[in-house]
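For reference, entry-v8.pdb (PDB, C-alpha atoms):
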ATOM      1  CA  MET M 390     101.130  64.406 125.077
ATOM      2  CA  LEU M 391     103.795  67.128 124.870
ATOM      3  CA  PRO M 392     103.286  69.557 121.956
ATOM      4  CA  HIS M 393     106.719  68.629 120.593
ATOM      5  CA  TYR M 394     105.692  64.997 120.152
ATOM      6  CA  ARG M 395     102.159  65.845 119.061
ATOM      7  CA  VAL M 396     103.586  67.593 115.971
ATOM      8  CA  GLY M 397     105.558  64.480 115.031
ATOM      9  CA  TYR M 398     102.565  62.253 115.688
ATOM     10  CA  LEU M 399     100.309  64.378 113.488
ATOM     11  CA  LEU M 400     102.853  64.492 110.662
ATOM     12  CA  GLN M 401     103.021  60.695 110.747
ATOM     13  CA  ARG M 402      99.221  60.461 110.615
ATOM     14  CA  ILE M 403      98.964  62.906 107.691
ATOM     15  CA  ALA M 404     101.626  60.946 105.782
ATOM     16  CA  LYS M 405     100.157  57.501 106.433
ATOM     17  CA  ASP M 406      96.410  58.124 106.289
ATOM     18  CA  PRO M 407      95.120  56.951 102.881
ATOM     19  CA  ARG M 408      92.893  60.012 102.636
ATOM     20  CA  THR M 409      95.939  62.305 102.603
ATOM     21  CA  ASN M 410      99.407  60.654 102.102
ATOM     22  CA  LEU M 411     100.987  64.112 102.310
ATOM     23  CA  LEU M 412     104.612  64.605 103.363
ATOM     24  CA  ASP M 413     105.016  68.381 103.199
ATOM     25  CA  VAL M 414     102.245  69.804 105.351
ATOM     26  CA  GLN M 415     103.466  72.065 108.152
ATOM     27  CA  VAL M 416     102.066  71.536 111.628
ATOM     28  CA  ARG M 417     102.587  73.643 114.753
ATOM     29  CA  VAL M 418     101.020  73.259 118.168
ATOM     30  CA  VAL M 419     100.679  76.398 120.242
ATOM     31  CA  GLY M 420      98.812  75.957 123.484
ATOM     32  CA  ASN M 421      95.459  74.484 122.675
ATOM     33  CA  ARG M 422      95.632  75.239 118.949
ATOM     34  CA  VAL M 423      96.943  73.158 116.065
ATOM     35  CA  PHE M 424      98.046  75.231 113.091
ATOM     36  CA  ILE M 425      98.178  73.545 109.693
ATOM     37  CA  ALA M 426      99.901  75.264 106.774
ATOM     38  CA  GLY M 427     101.236  74.606 103.290
ATOM     39  CA  SER M 428      99.728  73.990  99.899
ATOM     40  CA  VAL M 429      97.565  71.190  98.605
ATOM     41  CA  GLU M 430      96.144  70.657  95.175
ATOM     42  CA  SER M 431      92.461  70.257  95.913
ATOM     43  CA  ALA M 432      89.785  71.355  98.328
ATOM     44  CA  VAL M 433      89.129  67.655  98.995
ATOM     45  CA  LEU M 434      92.687  67.190 100.269
ATOM     46  CA  ARG M 435      92.448  70.355 102.344
ATOM     47  CA  THR M 436      89.342  69.022 104.069
ATOM     48  CA  ALA M 437      90.865  65.564 104.434
ATOM     49  CA  VAL M 438      93.945  66.910 106.231
ATOM     50  CA  GLU M 439      91.743  68.749 108.718
ATOM     51  CA  GLN M 440      89.667  65.607 109.250
ATOM     52  CA  VAL M 441      92.753  63.453 109.889
ATOM     53  CA  VAL M 442      94.051  65.990 112.413
ATOM     54  CA  ARG M 443      90.620  66.313 114.048
ATOM     55  CA  GLU M 444      90.471  62.568 114.629
ATOM     56  CA  ALA M 445      93.944  62.548 116.179
ATOM     57  CA  ILE M 446      93.629  65.319 118.785
ATOM     58  CA  PRO M 447      91.542  65.792 121.926
ATOM     59  CA  PRO M 448      88.143  67.385 121.265
ATOM     60  CA  GLU M 449      89.004  70.482 123.260
ATOM     61  CA  MET M 450      91.869  71.421 120.909
ATOM     62  CA  GLU M 451      91.189  73.907 118.111
ATOM     63  CA  ILE M 452      92.365  73.556 114.515
ATOM     64  CA  VAL M 453      93.510  76.535 112.472
ATOM     65  CA  ASN M 454      93.602  75.329 108.885
ATOM     66  CA  ASN M 455      95.785  77.651 106.815
ATOM     67  CA  LEU M 456      96.280  75.244 103.926
ATOM     68  CA  TRP M 457      95.830  76.892 100.552
ATOM     69  CA  VAL M 458      94.711  75.180  97.379
ATOM     70  CA  THR M 459      97.214  75.597  94.545
ATOM     71  CA  THR M 460      96.749  75.000  90.843
ATOM     72  CA  TYR M 461      99.666  74.875  88.416
ATOM     73  CA  VAL M 462      99.222  76.511  85.036
ATOM     74  CA  PRO M 463     101.543  76.231  82.028
TER      75      PRO M 463
ATOM     76  CA  MET D 410     124.964  67.220  62.351
ATOM     77  CA  GLY D 411     124.892  70.607  60.716
ATOM     78  CA  ASN D 412     125.567  73.844  62.481
ATOM     79  CA  ASP D 413     122.092  75.105  61.717
ATOM     80  CA  VAL D 414     120.473  72.701  64.238
ATOM     81  CA  ARG D 415     118.593  74.783  66.762
ATOM     82  CA  SER D 416     118.581  74.054  70.478
ATOM     83  CA  ILE D 417     116.634  71.101  71.835
ATOM     84  CA  ARG D 418     113.658  72.129  73.968
ATOM     85  CA  VAL D 419     113.085  69.898  77.001
ATOM     86  CA  ALA D 420     109.902  70.231  79.064
ATOM     87  CA  ALA D 421     110.500  69.038  82.608
ATOM     88  CA  VAL D 422     108.332  68.558  85.674
ATOM     89  CA  GLY D 423     108.016  66.260  88.668
ATOM     90  CA  ASP D 424     105.660  65.656  91.564
ATOM     91  CA  ILE D 425     102.375  65.959  89.699
ATOM     92  CA  HIS D 426     100.675  64.015  92.529
ATOM     93  CA  ALA D 427      97.558  63.444  90.458
ATOM     94  CA  GLY D 428      94.215  62.742  92.038
ATOM     95  CA  LEU D 429      91.192  61.333  90.282
ATOM     96  CA  ASP D 430      90.073  64.899  89.453
ATOM     97  CA  SER D 431      93.383  66.133  87.998
ATOM     98  CA  ALA D 432      92.718  65.565  84.284
ATOM     99  CA  ALA D 433      91.861  69.135  83.245
ATOM    100  CA  PRO D 434      95.024  70.931  84.457
ATOM    101  CA  ILE D 435      97.218  68.112  83.116
ATOM    102  CA  ARG D 436      95.482  68.349  79.735
ATOM    103  CA  ALA D 437      96.145  72.107  79.619
ATOM    104  CA  ALA D 438      99.828  71.510  80.328
ATOM    105  CA  VAL D 439     100.078  68.786  77.679
ATOM    106  CA  GLU D 440      98.482  71.025  75.060
ATOM    107  CA  ASP D 441     100.953  73.778  75.896
ATOM    108  CA  MET D 442     103.949  71.406  75.769
ATOM    109  CA  ARG D 443     102.969  70.118  72.353
ATOM    110  CA  ARG D 444     103.415  73.626  70.948
ATOM    111  CA  ARG D 445     106.624  74.501  72.741
ATOM    112  CA  ALA D 446     108.727  71.399  73.503
ATOM    113  CA  ASP D 447     110.640  68.685  71.643
ATOM    114  CA  LEU D 448     110.529  66.122  74.452
ATOM    115  CA  LEU D 449     109.256  65.718  77.997
ATOM    116  CA  VAL D 450     110.969  64.392  81.104
ATOM    117  CA  LEU D 451     108.950  63.529  84.226
ATOM    118  CA  ALA D 452     110.708  63.253  87.575
ATOM    119  CA  GLY D 453     108.357  60.928  89.433
ATOM    120  CA  ASP D 454     105.492  61.056  91.951
ATOM    121  CA  PHE D 455     102.766  60.855  89.336
ATOM    122  CA  THR D 456     100.306  59.808  92.031
ATOM    123  CA  GLN D 457      99.304  61.072  95.437
ATOM    124  CA  HIS D 458      98.316  57.770  96.998
ATOM    125  CA  GLY D 459     100.204  55.318  94.775
ATOM    126  CA  THR D 460      97.236  53.896  92.908
ATOM    127  CA  VAL D 461      97.004  52.719  89.321
ATOM    128  CA  GLU D 462      93.757  54.724  88.985
ATOM    129  CA  GLU D 463      95.600  57.970  89.700
ATOM    130  CA  ALA D 464      98.360  57.038  87.239
ATOM    131  CA  ALA D 465      95.708  56.313  84.611
ATOM    132  CA  VAL D 466      94.441  59.918  84.940
ATOM    133  CA  VAL D 467      97.917  61.169  84.019
ATOM    134  CA  ALA D 468      98.472  58.503  81.364
ATOM    135  CA  ARG D 469      95.264  59.328  79.507
ATOM    136  CA  GLU D 470      96.388  62.931  79.082
ATOM    137  CA  LEU D 471     100.014  62.070  78.233
ATOM    138  CA  ALA D 472      98.762  59.744  75.490
ATOM    139  CA  LEU D 473      97.830  62.932  73.598
ATOM    140  CA  LEU D 474     101.306  64.499  73.907
ATOM    141  CA  GLU D 475     102.763  63.241  70.592
ATOM    142  CA  LEU D 476     106.328  63.944  71.781
ATOM    143  CA  PRO D 477     108.988  61.598  73.180
ATOM    144  CA  ALA D 478     108.385  61.299  76.920
ATOM    145  CA  PHE D 479     110.670  59.773  79.543
ATOM    146  CA  ALA D 480     109.918  59.239  83.212
ATOM    147  CA  VAL D 481     111.072  57.808  86.485
ATOM    148  CA  LEU D 482     108.727  56.838  89.313
ATOM    149  CA  GLY D 483     108.788  58.439  92.738
ATOM    150  CA  ASN D 484     108.309  57.307  96.323
ATOM    151  CA  HIS D 485     104.557  58.021  96.257
ATOM    152  CA  ASP D 486     104.255  55.715  93.246
ATOM    153  CA  TYR D 487     105.648  52.851  95.355
ATOM    154  CA  HIS D 488     103.470  53.488  98.433
ATOM    155  CA  MET D 489     100.711  50.961  97.663
ATOM    156  CA  GLY D 490     103.001  48.376  96.063
ATOM    157  CA  ALA D 491     101.398  49.117  92.677
ATOM    158  CA  GLN D 492     104.502  50.495  90.977
ATOM    159  CA  GLU D 493     104.437  47.892  88.220
ATOM    160  CA  GLY D 494     100.817  48.708  87.411
ATOM    161  CA  ILE D 495     101.642  52.412  87.406
ATOM    162  CA  ARG D 496     104.580  51.765  85.101
ATOM    163  CA  THR D 497     102.376  49.732  82.766
ATOM    164  CA  ALA D 498      99.735  52.474  82.632
ATOM    165  CA  LEU D 499     102.322  55.100  81.709
ATOM    166  CA  GLU D 500     104.047  52.908  79.131
ATOM    167  CA  ALA D 501     100.720  52.164  77.493
ATOM    168  CA  ALA D 502     100.433  55.931  76.970
ATOM    169  CA  GLY D 503     103.804  56.028  75.216
ATOM    170  CA  VAL D 504     105.913  57.160  78.178
ATOM    171  CA  HIS D 505     109.287  55.421  78.448
ATOM    172  CA  VAL D 506     109.619  54.627  82.164
ATOM    173  CA  LEU D 507     113.272  54.308  83.147
ATOM    174  CA  GLU D 508     114.839  52.446  86.055
ATOM    175  CA  GLY D 509     118.547  51.919  85.479
ATOM    176  CA  GLU D 510     118.357  52.329  81.731
ATOM    177  CA  ALA D 511     118.454  54.990  79.050
ATOM    178  CA  GLY D 512     116.096  55.864  76.259
ATOM    179  CA  ILE D 513     117.178  57.731  73.155
ATOM    180  CA  CYS D 514     115.140  59.962  70.883
ATOM    181  CA  GLU D 515     116.119  61.953  67.837
ATOM    182  CA  VAL D 516     115.234  65.635  67.523
ATOM    183  CA  ASN D 517     116.183  67.373  64.277
ATOM    184  CA  GLY D 518     119.028  64.945  63.678
ATOM    185  CA  VAL D 519     120.382  65.174  67.239
ATOM    186  CA  HIS D 520     120.272  62.048  69.415
ATOM    187  CA  VAL D 521     119.205  62.828  72.980
ATOM    188  CA  ALA D 522     119.688  60.170  75.653
ATOM    189  CA  VAL D 523     117.678  60.250  78.870
ATOM    190  CA  ALA D 524     119.045  57.947  81.579
ATOM    191  CA  GLY D 525     116.877  57.493  84.631
ATOM    192  CA  VAL D 526     116.612  55.981  88.084
ATOM    193  CA  LYS D 527     114.247  56.756  90.929
ATOM    194  CA  GLY D 528     117.240  56.923  93.221
ATOM    195  CA  PHE D 529     117.017  56.932  96.993
ATOM    196  CA  GLY D 530     118.276  58.712 100.091
ATOM    197  CA  SER D 531     121.337  58.249 102.295
ATOM    198  CA  GLY D 532     122.629  61.816 102.284
ATOM    199  CA  PHE D 533     125.583  63.710 100.894
ATOM    200  CA  ALA D 534     129.337  63.311 101.027
ATOM    201  CA  GLY D 535     130.647  64.038 104.501
ATOM    202  CA  ALA D 536     127.281  63.513 106.194
ATOM    203  CA  CYS D 537     125.798  60.361 104.809
ATOM    204  CA  GLY D 538     124.683  56.948 105.871
ATOM    205  CA  THR D 539     127.076  54.040 105.473
ATOM    206  CA  GLU D 540     126.696  50.327 104.789
ATOM    207  CA  PHE D 541     127.315  49.429 108.389
ATOM    208  CA  GLY D 542     125.359  48.085 111.302
ATOM    209  CA  GLU D 543     121.922  46.558 111.158
ATOM    210  CA  PRO D 544     120.707  44.790 108.010
ATOM    211  CA  GLU D 545     118.073  47.520 107.574
ATOM    212  CA  MET D 546     120.730  50.250 107.544
ATOM    213  CA  LYS D 547     123.013  48.374 105.173
ATOM    214  CA  SER D 548     120.069  47.659 102.896
ATOM    215  CA  PHE D 549     119.064  51.339 102.881
ATOM    216  CA  VAL D 550     122.498  52.583 101.850
ATOM    217  CA  SER D 551     123.379  49.759  99.452
ATOM    218  CA  TYR D 552     120.093  50.284  97.585
ATOM    219  CA  SER D 553     121.074  53.933  97.120
ATOM    220  CA  ARG D 554     124.615  53.063  96.005
ATOM    221  CA  GLU D 555     123.365  50.506  93.490
ATOM    222  CA  SER D 556     120.920  53.058  92.115
ATOM    223  CA  GLY D 557     123.805  55.429  91.455
ATOM    224  CA  GLU D 558     125.793  52.669  89.792
ATOM    225  CA  GLN D 559     122.878  51.856  87.501
ATOM    226  CA  LEU D 560     122.540  55.520  86.540
ATOM    227  CA  ALA D 561     126.269  55.773  85.745
ATOM    228  CA  ARG D 562     126.093  52.675  83.541
ATOM    229  CA  ALA D 563     123.014  53.939  81.721
ATOM    230  CA  LEU D 564     124.596  57.347  81.030
ATOM    231  CA  SER D 565     127.954  55.871  79.978
ATOM    232  CA  THR D 566     126.519  53.375  77.509
ATOM    233  CA  ALA D 567     124.003  55.706  75.823
ATOM    234  CA  ASP D 568     125.286  56.643  72.385
ATOM    235  CA  ALA D 569     123.992  60.164  71.843
ATOM    236  CA  GLU D 570     125.094  63.768  71.347
ATOM    237  CA  LEU D 571     123.192  65.019  74.415
ATOM    238  CA  HIS D 572     122.752  63.260  77.755
ATOM    239  CA  ILE D 573     120.086  63.976  80.371
ATOM    240  CA  ALA D 574     120.033  62.351  83.814
ATOM    241  CA  LEU D 575     116.570  61.956  85.315
ATOM    242  CA  MET D 576     115.827  60.932  88.891
ATOM    243  CA  HIS D 577     113.276  61.487  91.616
ATOM    244  CA  TYR D 578     115.698  61.919  94.529
ATOM    245  CA  SER D 579     118.243  64.721  94.476
ATOM    246  CA  PRO D 580     121.919  64.233  93.609
ATOM    247  CA  VAL D 581     123.018  67.388  95.451
ATOM    248  CA  ALA D 582     122.222  69.349  98.598
ATOM    249  CA  ASP D 583     122.030  72.660  96.648
ATOM    250  CA  THR D 584     118.520  72.004  95.394
ATOM    251  CA  LEU D 585     117.308  71.099  98.879
ATOM    252  CA  VAL D 586     117.805  74.604 100.287
ATOM    253  CA  GLY D 587     114.487  75.447 101.882
ATOM    254  CA  GLU D 588     113.904  71.957 103.222
ATOM    255  CA  ARG D 589     114.797  71.218 106.833
ATOM    256  CA  LEU D 590     118.421  70.103 107.046
ATOM    257  CA  GLU D 591     117.535  67.151 109.275
ATOM    258  CA  ILE D 592     115.718  65.383 106.431
ATOM    259  CA  SER D 593     118.462  65.769 103.819
ATOM    260  CA  PRO D 594     119.395  62.064 104.001
ATOM    261  CA  PHE D 595     115.825  61.227 103.005
ATOM    262  CA  LEU D 596     115.805  63.576 100.033
ATOM    263  CA  GLY D 597     118.804  62.433  98.041
ATOM    264  CA  SER D 598     122.211  60.922  97.798
ATOM    265  CA  PHE D 599     125.697  61.815  96.637
ATOM    266  CA  PHE D 600     125.825  58.461  94.817
ATOM    267  CA  LEU D 601     123.567  60.068  92.206
ATOM    268  CA  ALA D 602     125.887  63.055  91.741
ATOM    269  CA  GLU D 603     128.869  60.724  91.464
ATOM    270  CA  ALA D 604     127.087  58.905  88.635
ATOM    271  CA  VAL D 605     126.325  62.163  86.842
ATOM    272  CA  ASP D 606     129.943  63.346  87.197
ATOM    273  CA  GLU D 607     131.486  60.036  86.067
ATOM    274  CA  ALA D 608     129.538  59.822  82.826
ATOM    275  CA  PRO D 609     128.639  62.167  79.976
ATOM    276  CA  CYS D 610     125.822  64.354  81.265
ATOM    277  CA  ASP D 611     124.574  67.787  80.191
ATOM    278  CA  VAL D 612     121.899  68.319  82.841
ATOM    279  CA  ALA D 613     120.332  66.408  85.722
ATOM    280  CA  PHE D 614     116.658  66.794  86.629
ATOM    281  CA  HIS D 615     115.021  65.617  89.842
ATOM    282  CA  GLY D 616     111.925  66.157  91.967
ATOM    283  CA  HIS D 617     110.893  65.024  95.473
ATOM    284  CA  ALA D 618     111.998  68.110  97.430
ATOM    285  CA  HIS D 619     108.873  70.285  97.311
ATOM    286  CA  ARG D 620     110.314  73.035  99.492
ATOM    287  CA  GLY D 621     113.694  73.037  97.789
ATOM    288  CA  THR D 622     115.307  75.281  95.216
ATOM    289  CA  GLU D 623     115.435  74.983  91.439
ATOM    290  CA  TRP D 624     119.154  75.566  90.764
ATOM    291  CA  GLY D 625     122.063  73.383  91.766
ATOM    292  CA  ILE D 626     125.331  71.986  90.440
ATOM    293  CA  THR D 627     127.243  68.754  90.990
ATOM    294  CA  PRO D 628     130.819  68.773  92.335
ATOM    295  CA  GLY D 629     131.909  68.052  88.735
ATOM    296  CA  GLY D 630     130.036  71.071  87.351
ATOM    297  CA  VAL D 631     126.915  69.469  85.850
ATOM    298  CA  PRO D 632     123.820  71.685  86.219
ATOM    299  CA  VAL D 633     121.102  70.186  88.411
ATOM    300  CA  ARG D 634     117.481  71.373  88.302
ATOM    301  CA  ASN D 635     114.815  70.568  90.876
ATOM    302  CA  VAL D 636     111.685  70.437  88.719
ATOM    303  CA  ALA D 637     109.127  69.524  91.384
ATOM    304  CA  ARG D 638     105.972  71.462  90.491
ATOM    305  CA  GLN D 639     105.920  72.972  93.945
ATOM    306  CA  VAL D 640     109.369  74.468  93.294
ATOM    307  CA  LEU D 641     108.693  75.600  89.720
ATOM    308  CA  ARG D 642     105.267  76.988  90.752
ATOM    309  CA  ARG D 643     103.970  76.225  87.307
ATOM    310  CA  ALA D 644     102.736  73.185  85.400
ATOM    311  CA  TYR D 645     106.177  72.571  83.847
ATOM    312  CA  LYS D 646     109.291  74.446  82.738
ATOM    313  CA  LEU D 647     111.053  74.536  79.397
ATOM    314  CA  TYR D 648     114.840  74.103  79.261
ATOM    315  CA  GLU D 649     116.999  74.292  76.167
ATOM    316  CA  LEU D 650     120.116  72.299  75.335
ATOM    317  CA  ASP D 651     122.517  73.571  72.665
ATOM    318  CA  PRO D 652     124.178  70.577  70.979
ATOM    319  CA  HIS D 653     126.884  72.835  69.486
ATOM    320  CA  ALA D 654     128.066  74.292  72.788
ATOM    321  CA  PRO D 655     131.082  72.718  74.528
ATOM    322  CA  ALA D 656     130.382  69.990  77.084
ATOM    323  CA  GLY D 657     129.545  71.612  80.402
ATOM    324  CA  SER D 658     127.856  74.630  78.788
ATOM    325  CA  ARG D 659     124.972  73.101  76.874
ATOM    326  CA  LEU D 660     122.091  74.066  79.166
ATOM    327  CA  ILE D 661     120.465  77.359  78.191
ATOM    328  CA  GLU D 662     118.262  78.822  80.916
ATOM    329  CA  CYS D 663     114.825  79.883  79.739
TER     330      CYS D 663
END
Take the structure in the file and give it back as C-alpha cells.
Amino acid sequence: MLPHYRVGYLLQRIAKDPRTNLLDVQVRVVGNRVFIAGSVESAVLRTAVEQVVREAIPPEMEIVNNLWVTTYVP
Amino acid sequence: MGNDVRSIRVAAVGDIHAGLDSAAPIRAAVEDMRRRADLLVLAGDFTQHGTVEEAAVVARELALLELPAFAVLGNHDYHMGAQEGIRTALEAAGVHVLEGEAGICEVNGVHVAVAGVKGFGSGFAGACGTEFGEPEMKSFVSYSRESGEQLARALSTADAELHIALMHYSPVADTLVGERLEISPFLGSFFLAEAVDEAPCDVAFHGHAHRGTEWGITPGGVPVRNVARQVLRRAYKLYELDPHAPAGSRLIEC
C-alpha cells in the first residue's frame, strides 16, 4: 500500500474503531515508520489508538506514538 | 429593566467527549461555573463513542450545576444511534437540549434566549455543496439548509432581550482556521450564518472544529466563538453580554 493511502486508511480505522472513534489524530507515514500525534484525554485512549494502528499495519512497520494526554481545568 | 443590571455571564464549552472515567474533571468545572456564571451553554459532542453511559457521566455532574443550562448534540452523540437516549439523560439532569427551538431563562430581570441546532456541513458561500445530483448529495445539503431555517425561526420567535445562537457545526470559516481547508465542508455551513444574520442574535457559539480558532464573525457582524475545549484549552470559558449595549456590541470579551 502506498504511504499516501495508508494514512487515509489509518485515519478511517481510528475514526471507526469503537475503541477510539477519534477524528482529529494526526498520522504520517515516513518510510517504515508510522507517526501518530495530537492530543487525547486519557491514557486508555492513547493506548487504544496505538493498538488500532498496530492491528492495521504490517508487523515490520514501527509506530512512533507522540500522542499526549490532555486534561482541561477551569 | 433598570440600568443597574450587570452583565450576564455565560459559561460556554463544547466537545467534552466524556469517557466513563471523566466525572472528576467535569465535577471540578461544574463547581467553578456555579461560582462564576449565570448560565451554561454546551455546544455538543458530550460523548466520545456516542453511548448513553458516557452521557450519563456528564449528566450526573451537570445535575449539580443549579444554573440554567442549554445544549445541542454533536456528531459523536449520533454515532451509535443513541441520540434520543443521550438527550433524555441530559434533560433528566436539567439541561435543555435544543434542536430547532429556543429556551429562555431570566437572569436578574433580563430574559436570555438560547436558540440551538446541531447543524451540519455543506461548506461556505462560494464554495459549498448544492442540492443537485444524487439523492445522497441532495439529502446532505438540504438537511443543512433546513437546519439553518430552523435556527432562524427559533431565534426570530424568541421573545427576549438577549439572543444566543448555539450549534455544534460552525456558521463561518473564520473559526476553522487551523483545520485543513479540504474538510471545511464537513465542519460547517453558511446556512447557519445566514440564520444568525437574519434574526436577532448577540453571539453565536459552536464546537466541532478542534483545531480551529476561537474568534470569528458572521458576514452580518455577529460575533462567533468556537468553544470546543480543544480550542479553548480549558474546561470552559466565561463570556459576558451587556444588555444595555447597542445591538451588535453586547459581547464583552473576558
What's around stretch 418-424 of chain M at 10 Å? Count only C-alpha atoms, leave out sequence neighbours fewer than 5 positions away in its own chain, and write the answer as a PDB file with C-alpha atoms, in the coordinates of the input.
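part.pdb written:
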ATOM      1  CA  LEU M 391     103.795  67.128 124.870  1.00  0.00           C
ATOM      2  CA  PRO M 392     103.286  69.557 121.956  1.00  0.00           C
ATOM      3  CA  HIS M 393     106.719  68.629 120.593  1.00  0.00           C
ATOM      4  CA  TYR M 394     105.692  64.997 120.152  1.00  0.00           C
ATOM      5  CA  ARG M 395     102.159  65.845 119.061  1.00  0.00           C
ATOM      6  CA  VAL M 396     103.586  67.593 115.971  1.00  0.00           C
ATOM      7  CA  LEU M 399     100.309  64.378 113.488  1.00  0.00           C
ATOM      8  CA  VAL M 442      94.051  65.990 112.413  1.00  0.00           C
ATOM      9  CA  ARG M 443      90.620  66.313 114.048  1.00  0.00           C
ATOM     10  CA  ILE M 446      93.629  65.319 118.785  1.00  0.00           C
ATOM     11  CA  PRO M 447      91.542  65.792 121.926  1.00  0.00           C
ATOM     12  CA  GLU M 449      89.004  70.482 123.260  1.00  0.00           C
ATOM     13  CA  MET M 450      91.869  71.421 120.909  1.00  0.00           C
ATOM     14  CA  GLU M 451      91.189  73.907 118.111  1.00  0.00           C
ATOM     15  CA  ILE M 452      92.365  73.556 114.515  1.00  0.00           C
ATOM     16  CA  VAL M 453      93.510  76.535 112.472  1.00  0.00           C
ATOM     17  CA  ASN M 454      93.602  75.329 108.885  1.00  0.00           C
ATOM     18  CA  ASN M 455      95.785  77.651 106.815  1.00  0.00           C
ATOM     19  CA  LEU M 456      96.280  75.244 103.926  1.00  0.00           C
TER      20      LEU M 456
END
Translate the PyMOL selection byres ((chain M) within 6 of (chain D)) into a concrete residue list for this structure, as a PyMOL selection string. chain M and resi 410+461-463
Target residues per the PyMOL selection byres ((chain D and resi 570-576) around 6), formatted as a ChimeraX atom specification: /D:452,520-527,569,577-578,610-615
I'd like to know which of M:Pro407, M:Val441, M:Gln401, M:Asp413 is closest to M:Gly427, using only C-alpha atoms.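 The answer is M:Asp413, which sits nearest to M:Gly427.
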Quick one: residues within 12 Å of D:His617, all atoms listed in the file, excluding same-chain residues fewer than 3 positions away - as a ChimeraX atom specification? /M:412-413 /D:422-426,451-455,481-486,527-530,576-580,584-585,588,592-593,595-597,614,620-623,634-640
By how many Å are atom CA of D:Asp606 and atom CA of D:Thr566 apart? 14.3 Å
Once the PyMOL selection byres ((chain D and resi 417) around 6) is applied to the coordinates I shared, what remains selected? I want it as a list of chain:residue names.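 Checked against the file, the PyMOL selection byres ((chain D and resi 417) around 6) matches D:Ser416, D:Arg418, D:Glu649, D:Leu650.
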Kindly list the centre and edge lengths in Å, rounded to one decimal, for the axis-aligned box that covers all listed atoms of stretch 446-452 of chain M plus 6 Å on each of its six sides, as JSON.
{"center_x": 90.9, "center_y": 69.6, "center_z": 118.9, "size_x": 17.5, "size_y": 20.6, "size_z": 20.7}
With distances taken over all atoms listed in the file, which residue among D:Glu463, D:Gly625, D:Met546, D:Ala433 lies nearest D:Arg496? D:Glu463
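Taking atom CA of D:Tyr552 and atom CA of D:Ala501 as endpoints, the distance between them is 28.0 Å.
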Which distance in Å separates atom CA of D:Glu603 and atom CA of D:Leu564, to one decimal? 11.8 Å
Skip M:Arg435 itself and residues of its chain fewer than 2 positions away, then list as a ChimeraX atom specification all residues within 9 Å of it, counting all atoms listed in the file. /M:409,428-433,437-440,454,456-458
Counting all atoms listed in the file, what is within 12 Å of D:Val504, bar same-chain residues fewer than 5 positions away, as a PDB file with C-alpha atoms, keeping the file's coordinate frame?
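Listing of selection27.pdb after writing:
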ATOM      1  CA  LEU D 448     110.529  66.122  74.452  1.00  0.00           C
ATOM      2  CA  LEU D 449     109.256  65.718  77.997  1.00  0.00           C
ATOM      3  CA  VAL D 450     110.969  64.392  81.104  1.00  0.00           C
ATOM      4  CA  LEU D 451     108.950  63.529  84.226  1.00  0.00           C
ATOM      5  CA  ALA D 464      98.360  57.038  87.239  1.00  0.00           C
ATOM      6  CA  VAL D 467      97.917  61.169  84.019  1.00  0.00           C
ATOM      7  CA  ALA D 468      98.472  58.503  81.364  1.00  0.00           C
ATOM      8  CA  ARG D 469      95.264  59.328  79.507  1.00  0.00           C
ATOM      9  CA  GLU D 470      96.388  62.931  79.082  1.00  0.00           C
ATOM     10  CA  LEU D 471     100.014  62.070  78.233  1.00  0.00           C
ATOM     11  CA  ALA D 472      98.762  59.744  75.490  1.00  0.00           C
ATOM     12  CA  LEU D 473      97.830  62.932  73.598  1.00  0.00           C
ATOM     13  CA  LEU D 474     101.306  64.499  73.907  1.00  0.00           C
ATOM     14  CA  GLU D 475     102.763  63.241  70.592  1.00  0.00           C
ATOM     15  CA  LEU D 476     106.328  63.944  71.781  1.00  0.00           C
ATOM     16  CA  PRO D 477     108.988  61.598  73.180  1.00  0.00           C
ATOM     17  CA  ALA D 478     108.385  61.299  76.920  1.00  0.00           C
ATOM     18  CA  PHE D 479     110.670  59.773  79.543  1.00  0.00           C
ATOM     19  CA  ALA D 480     109.918  59.239  83.212  1.00  0.00           C
ATOM     20  CA  VAL D 481     111.072  57.808  86.485  1.00  0.00           C
ATOM     21  CA  LEU D 482     108.727  56.838  89.313  1.00  0.00           C
ATOM     22  CA  ILE D 495     101.642  52.412  87.406  1.00  0.00           C
ATOM     23  CA  ARG D 496     104.580  51.765  85.101  1.00  0.00           C
ATOM     24  CA  THR D 497     102.376  49.732  82.766  1.00  0.00           C
ATOM     25  CA  ALA D 498      99.735  52.474  82.632  1.00  0.00           C
ATOM     26  CA  LEU D 499     102.322  55.100  81.709  1.00  0.00           C
ATOM     27  CA  GLY D 512     116.096  55.864  76.259  1.00  0.00           C
TER      28      GLY D 512
END
